[in-house]
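Colleague: Pasting data-v3.tsv below, which is TSV, C-alpha atoms.
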chain	number	residue	atom	x	y	z
A	1	MET	CA	21.38	4.21	-9.84
A	2	ALA	CA	20.09	0.67	-10.43
A	3	LEU	CA	23.68	-0.59	-10.60
A	4	ASN	CA	24.41	0.93	-7.18
A	5	ASN	CA	21.34	-0.77	-5.71
A	6	PHE	CA	22.45	-4.06	-7.24
A	7	LEU	CA	25.98	-3.64	-5.85
A	8	PHE	CA	24.57	-2.77	-2.43
A	9	ALA	CA	22.37	-5.89	-2.47
A	10	GLN	CA	25.40	-7.99	-3.48
A	11	CYS	CA	27.47	-6.44	-0.70
A	12	VAL	CA	24.78	-7.23	1.87
A	13	CYS	CA	24.50	-10.83	0.63
A	14	TYR	CA	28.28	-11.30	0.77
A	15	PHE	CA	28.30	-9.90	4.29
A	16	LEU	CA	25.52	-12.35	5.28
A	17	ALA	CA	27.47	-15.22	3.71
A	18	PHE	CA	30.52	-14.11	5.72
A	19	LEU	CA	28.45	-13.93	8.90
A	20	PHE	CA	26.85	-17.35	8.41
A	21	SER	CA	30.22	-18.91	7.58
A	22	PHE	CA	31.60	-17.38	10.75
A	23	VAL	CA	28.69	-18.97	12.67
A	24	VAL	CA	29.85	-22.35	11.31
A	25	VAL	CA	33.63	-21.91	11.73
A	26	VAL	CA	33.64	-20.90	15.38
A	27	PRO	CA	31.56	-23.77	16.85
A	28	LEU	CA	33.22	-26.42	14.66
A	29	SER	CA	36.71	-25.29	15.63
A	30	GLU	CA	35.76	-25.09	19.32
A	31	ASN	CA	34.21	-28.55	19.11
A	32	GLY	CA	37.38	-29.95	17.54
A	33	HIS	CA	39.43	-28.42	20.35
A	34	ASP	CA	37.05	-29.61	23.09
A	35	PHE	CA	36.96	-33.17	21.73
A	36	ARG	CA	40.78	-33.22	21.32
A	37	GLY	CA	40.61	-33.67	17.55
A	38	ARG	CA	38.07	-36.50	17.66
A	39	CYS	CA	35.01	-36.11	15.47
A	40	LEU	CA	31.52	-36.64	16.85
A	41	LEU	CA	30.02	-36.95	13.35
A	42	PHE	CA	29.38	-40.62	12.43
A	43	THR	CA	30.49	-41.78	15.89
A	44	GLU	CA	29.16	-45.16	16.96
A	45	GLY	CA	28.21	-45.73	20.57
A	46	MET	CA	25.45	-46.70	22.95
A	47	TRP	CA	23.66	-45.49	26.05
A	48	LEU	CA	24.34	-47.51	29.19
A	49	SER	CA	22.28	-47.32	32.36
A	50	ALA	CA	24.00	-47.72	35.69
A	51	ASN	CA	21.78	-48.46	38.67
A	52	LEU	CA	22.94	-46.43	41.61
A	53	THR	CA	21.36	-46.31	45.04
A	54	VAL	CA	18.51	-43.90	44.45
A	55	GLN	CA	19.09	-42.32	41.08
A	56	GLU	CA	19.35	-44.04	37.76
A	57	ARG	CA	22.20	-42.61	35.72
A	58	GLU	CA	22.71	-42.98	31.99
A	59	ARG	CA	25.94	-42.43	30.15
A	60	PHE	CA	27.06	-42.65	26.57
A	61	THR	CA	29.98	-44.89	25.69
A	62	VAL	CA	31.80	-44.51	22.40
A	63	GLN	CA	32.59	-47.68	20.53
A	64	GLU	CA	34.25	-45.96	17.57
A	65	TRP	CA	34.87	-42.28	16.92
A	66	GLY	CA	33.93	-40.84	13.56
A	67	PRO	CA	36.59	-40.13	10.97
A	68	PRO	CA	38.38	-36.82	11.63
A	69	ALA	CA	38.04	-35.96	7.93
A	70	ALA	CA	34.27	-35.62	8.39
A	71	CYS	CA	34.68	-32.70	10.78
A	72	ARG	CA	37.63	-31.23	8.91
A	73	PHE	CA	35.64	-31.13	5.67
A	74	GLY	CA	32.87	-29.03	7.22
A	75	LEU	CA	35.43	-26.77	8.86
A	76	LEU	CA	37.44	-26.38	5.65
A	77	THR	CA	34.43	-25.58	3.46
A	78	SER	CA	33.07	-23.05	5.94
A	79	LEU	CA	36.52	-21.46	6.30
A	80	LEU	CA	36.86	-21.17	2.52
A	81	SER	CA	33.36	-19.74	2.32
A	82	LEU	CA	34.27	-17.24	5.05
A	83	LEU	CA	37.39	-16.06	3.21
A	84	LEU	CA	35.68	-15.94	-0.18
A	85	ALA	CA	32.70	-14.01	1.18
A	86	ALA	CA	34.99	-11.56	2.97
A	87	ALA	CA	37.01	-10.93	-0.20
A	88	HIS	CA	33.90	-10.45	-2.35
A	89	ALA	CA	32.24	-8.22	0.26
A	90	TRP	CA	35.33	-6.00	0.35
A	91	ARG	CA	35.54	-5.91	-3.46
A	92	THR	CA	31.85	-5.08	-3.83
A	93	LEU	CA	32.05	-2.41	-1.14
A	94	PHE	CA	35.07	-0.93	-2.94
A	95	PHE	CA	33.14	-0.82	-6.24
A	96	LEU	CA	30.15	0.68	-4.46
A	97	CYS	CA	32.20	3.48	-2.88
A	98	LYS	CA	34.69	4.19	-5.65
A	99	GLY	CA	32.92	3.07	-8.77
A	100	HIS	CA	34.32	0.77	-11.42
A	101	GLU	CA	35.22	0.71	-15.06
A	102	GLY	CA	33.17	-1.51	-17.29
A	103	CYS	CA	34.93	-4.28	-19.17
A	104	GLU	CA	32.77	-3.65	-22.20
A	105	GLU	CA	34.37	-0.24	-22.75
A	106	LEU	CA	37.86	-1.71	-22.43
A	107	GLN	CA	37.46	-4.21	-25.26
A	108	GLY	CA	37.75	-1.40	-27.81
A	109	ILE	CA	41.08	-0.16	-26.39
A	110	ASP	CA	44.28	-1.55	-27.89
A	111	LEU	CA	46.28	-2.92	-24.95
A	112	GLU	CA	49.44	-3.32	-27.05
A	113	LEU	CA	49.92	-6.92	-25.92
A	114	ASN	CA	50.03	-8.46	-29.40
A	115	VAL	CA	46.61	-10.06	-28.83
A	116	ASP	CA	43.21	-9.47	-30.38
A	117	ASN	CA	41.08	-8.16	-27.51
A	118	SER	CA	38.25	-6.84	-29.68
A	119	ALA	CA	35.72	-9.42	-28.44
A	120	PHE	CA	36.96	-10.61	-25.06
A	121	TYR	CA	34.01	-9.13	-23.16
A	122	ASP	CA	31.52	-10.80	-25.47
A	123	GLN	CA	33.38	-14.12	-25.26
A	124	PHE	CA	33.47	-14.07	-21.47
A	125	ALA	CA	29.82	-12.99	-21.26
A	126	ILE	CA	28.85	-15.97	-23.41
A	127	ALA	CA	31.09	-18.26	-21.34
A	128	GLN	CA	29.48	-16.94	-18.14
A	129	PHE	CA	26.03	-17.63	-19.56
A	130	GLY	CA	27.15	-21.14	-20.50
A	131	LEU	CA	28.52	-21.82	-17.04
A	132	TRP	CA	25.34	-20.62	-15.32
A	133	ALA	CA	23.19	-22.62	-17.73
A	134	SER	CA	25.34	-25.70	-17.15
A	135	TRP	CA	25.07	-25.24	-13.40
A	136	LEU	CA	21.28	-24.96	-13.65
A	137	ALA	CA	21.16	-28.08	-15.82
A	138	TRP	CA	23.18	-30.03	-13.24
A	139	LEU	CA	20.94	-28.70	-10.49
A	140	ALA	CA	17.87	-29.84	-12.43
A	141	LEU	CA	19.47	-33.27	-13.00
A	142	THR	CA	20.19	-33.56	-9.28
A	143	VAL	CA	16.59	-32.71	-8.39
A	144	LEU	CA	15.30	-35.19	-10.97
A	145	ALA	CA	17.60	-37.91	-9.62
A	146	PHE	CA	16.30	-37.33	-6.09
A	147	LEU	CA	12.73	-37.38	-7.36
A	148	LYS	CA	13.42	-40.65	-9.18
A	149	VAL	CA	14.83	-42.23	-6.01
A	150	TYR	CA	11.89	-40.89	-4.00
A	151	HIS	CA	9.40	-42.28	-6.53
A	152	SER	CA	11.24	-45.61	-6.59
A	153	CYS	CA	11.11	-45.85	-2.80
A	154	ARG	CA	7.42	-44.97	-2.83
A	155	GLN	CA	6.87	-47.62	-5.53
A	156	GLU	CA	8.67	-50.22	-3.40
A	157	ASP	CA	6.54	-49.24	-0.40
A	158	LEU	CA	3.43	-49.57	-2.56
A	159	LEU	CA	4.52	-52.97	-3.87
A	160	ASP	CA	5.32	-54.18	-0.34
A	161	SER	CA	1.94	-52.91	0.84
A	162	LEU	CA	0.13	-54.61	-2.05
A	163	LEU	CA	1.97	-57.86	-1.37
A	164	HIS	CA	0.99	-57.65	2.30
A	165	GLU	CA	-2.65	-56.96	1.39
A	166	LYS	CA	-2.60	-59.89	-1.05
A	167	GLU	CA	-1.31	-62.19	1.68
A	168	LEU	CA	-4.03	-60.94	4.04
A	169	LEU	CA	-6.73	-61.45	1.43
A	170	LEU	CA	-5.53	-64.94	0.55
A	171	ALA	CA	-5.37	-65.89	4.22
A	172	ARG	CA	-8.78	-64.41	4.99
A	173	PRO	CA	-11.08	-67.04	3.31
A	174	ALA	CA	-9.83	-69.70	5.71
A	175	SER	CA	-10.46	-67.45	8.67
A	176	ARG	CA	-13.91	-66.53	7.27
A	177	ALA	CA	-14.87	-70.19	7.07
A	178	SER	CA	-13.91	-70.76	10.70
A	179	PHE	CA	-15.79	-67.56	11.66
A	180	GLN	CA	-18.91	-68.84	9.79
A	181	GLU	CA	-18.66	-72.18	11.62
A	182	GLU	CA	-18.49	-70.38	14.95
A	183	LYS	CA	-21.59	-68.36	13.99
A	184	SER	CA	-23.57	-71.42	12.98
A	185	ALA	CA	-22.58	-73.24	16.19
A	186	VAL	CA	-23.76	-70.33	18.29
A	187	ILE	CA	-27.16	-70.10	16.58
Using structure tokens, write down the structure from this file.
Modeller:
Amino acid sequence: MALNNFLFAQCVCYFLAFLFSFVVVVPLSENGHDFRGRCLLFTEGMWLSANLTVQERERFTVQEWGPPAACRFGLLTSLLSLLLAAAHAWRTLFFLCKGHEGCEELQGIDLELNVDNSAFYDQFAIAQFGLWASWLAWLALTVLAFLKVYHSCRQEDLLDSLLHEKELLLARPASRASFQEEKSAVI
């Protein structure tokens, strides 16, 4: 029963991934069609104001369109995600409705292929663990790299701020002396 709940949860998640990918594919493809293949991402331009009789009108002029590959990449990845999610949702729904055979039981059956399949399930289970662990390690390294850059930027901001404060403090004694002279002249 727990396996069926797990398969149902997977099926729902794959369906949501399909739905969200669909939400990306449709607007990006329509935008590519509406802009005649030109990409708005990374486009350089400026707002110009034209003074008309009563109303002031602004318009945007494009100096250079963004590279078409920028929009195609987003469209391609979302399209691949859409297809992959649809395939996995169908497969998971099929397993949920029909049931499935476990690979672990099949490793004891002689497939008569002149290969030793006595441990293939264990080998692939270990490989799967290794791949997930490697992915998590790379994810952790990515987070640590971003934290290092963030800390470095904060450190630079701190150093710039300290340098600015030092300049203010070094410049202040001269201004204090002139302020003291003004006070003594007023008294």
Colleague: If I put a ball of radius 12 Å at (28.7, -9.7, 4.5) in the file's coordinates, which residues poke into it when counting only C-alpha atoms, written as a VMD selection string?
Modeller: chain A and resid 8 to 22 81 to 93
Colleague: Quick one: pull the distance between atom CA of A:Val149 and atom CA of A:Ser161, Å, one decimal.
Modeller: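 Going from atom CA of A:Val149 over to atom CA of A:Ser161 covers 18.1 Å.
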Colleague: Between atom CA of A:Ile126 and atom CA of A:Gly108, what is the spacing in Å?
Modeller: 17.6 Å
Colleague: To one decimal place, how far is atom CA of A:Gln128 from atom CA of A:Phe146 in Å?
Modeller: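 One can read the atom CA of A:Gln128 to atom CA of A:Phe146 distance as 27.1 Å.
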Colleague: Using all atoms listed in the file, which of the listed residues (A:Arg57, A:Asp157, A:Ile109, A:Cys39) sits closest to A:Tyr121?
Modeller: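 Once distances to A:Tyr121 are computed over all atoms listed in the file, the minimum belongs to A:Ile109.
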Colleague: Return the single residue from A:Asn31, A:Asn5, A:Thr142, A:Ser152 that is closest to A:Leu75, with distances computed using all atoms listed in the file.
Modeller: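 Checking each candidate against A:Leu75, we get A:Asn31 as the closest.
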Colleague: Box for stretch 118-131 of chain A: with edges along x, y and z, all listed atoms inside and 4 Å added on each side, what are the centre and edge lengths in Å to one decimal, as JSON?
Modeller:
{"center_x": 32.1, "center_y": -14.3, "center_z": -23.4, "size_x": 20.2, "size_y": 23.0, "size_z": 20.6}
Colleague: Pick out the closest residue to A:Leu80 from this set: A:Ala140, A:Ala127, A:Val25, A:Leu3. Count only C-alpha atoms.
Modeller: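 Smallest distance to A:Leu80 is found for A:Val25.
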Colleague: Considering all atoms listed in the file, return as number ranges by chain whatever protein or nucleic-acid residues lie within 10 Å of A:Met46, sequence-local ones (same chain, fewer than 4 positions apart) excluded.
Modeller: A: 59-63
Colleague: How would the residues just picked look written out with C-alpha atoms as a compact mmCIF listing (two decimals), in the frame of the given file?
Modeller:
# COMPACT_ATOMS: atom_id res chain seq x y z
CA ARG A 59 25.94 -42.43 30.15
CA PHE A 60 27.06 -42.65 26.57
CA THR A 61 29.98 -44.89 25.69
CA VAL A 62 31.80 -44.51 22.40
CA GLN A 63 32.59 -47.68 20.53
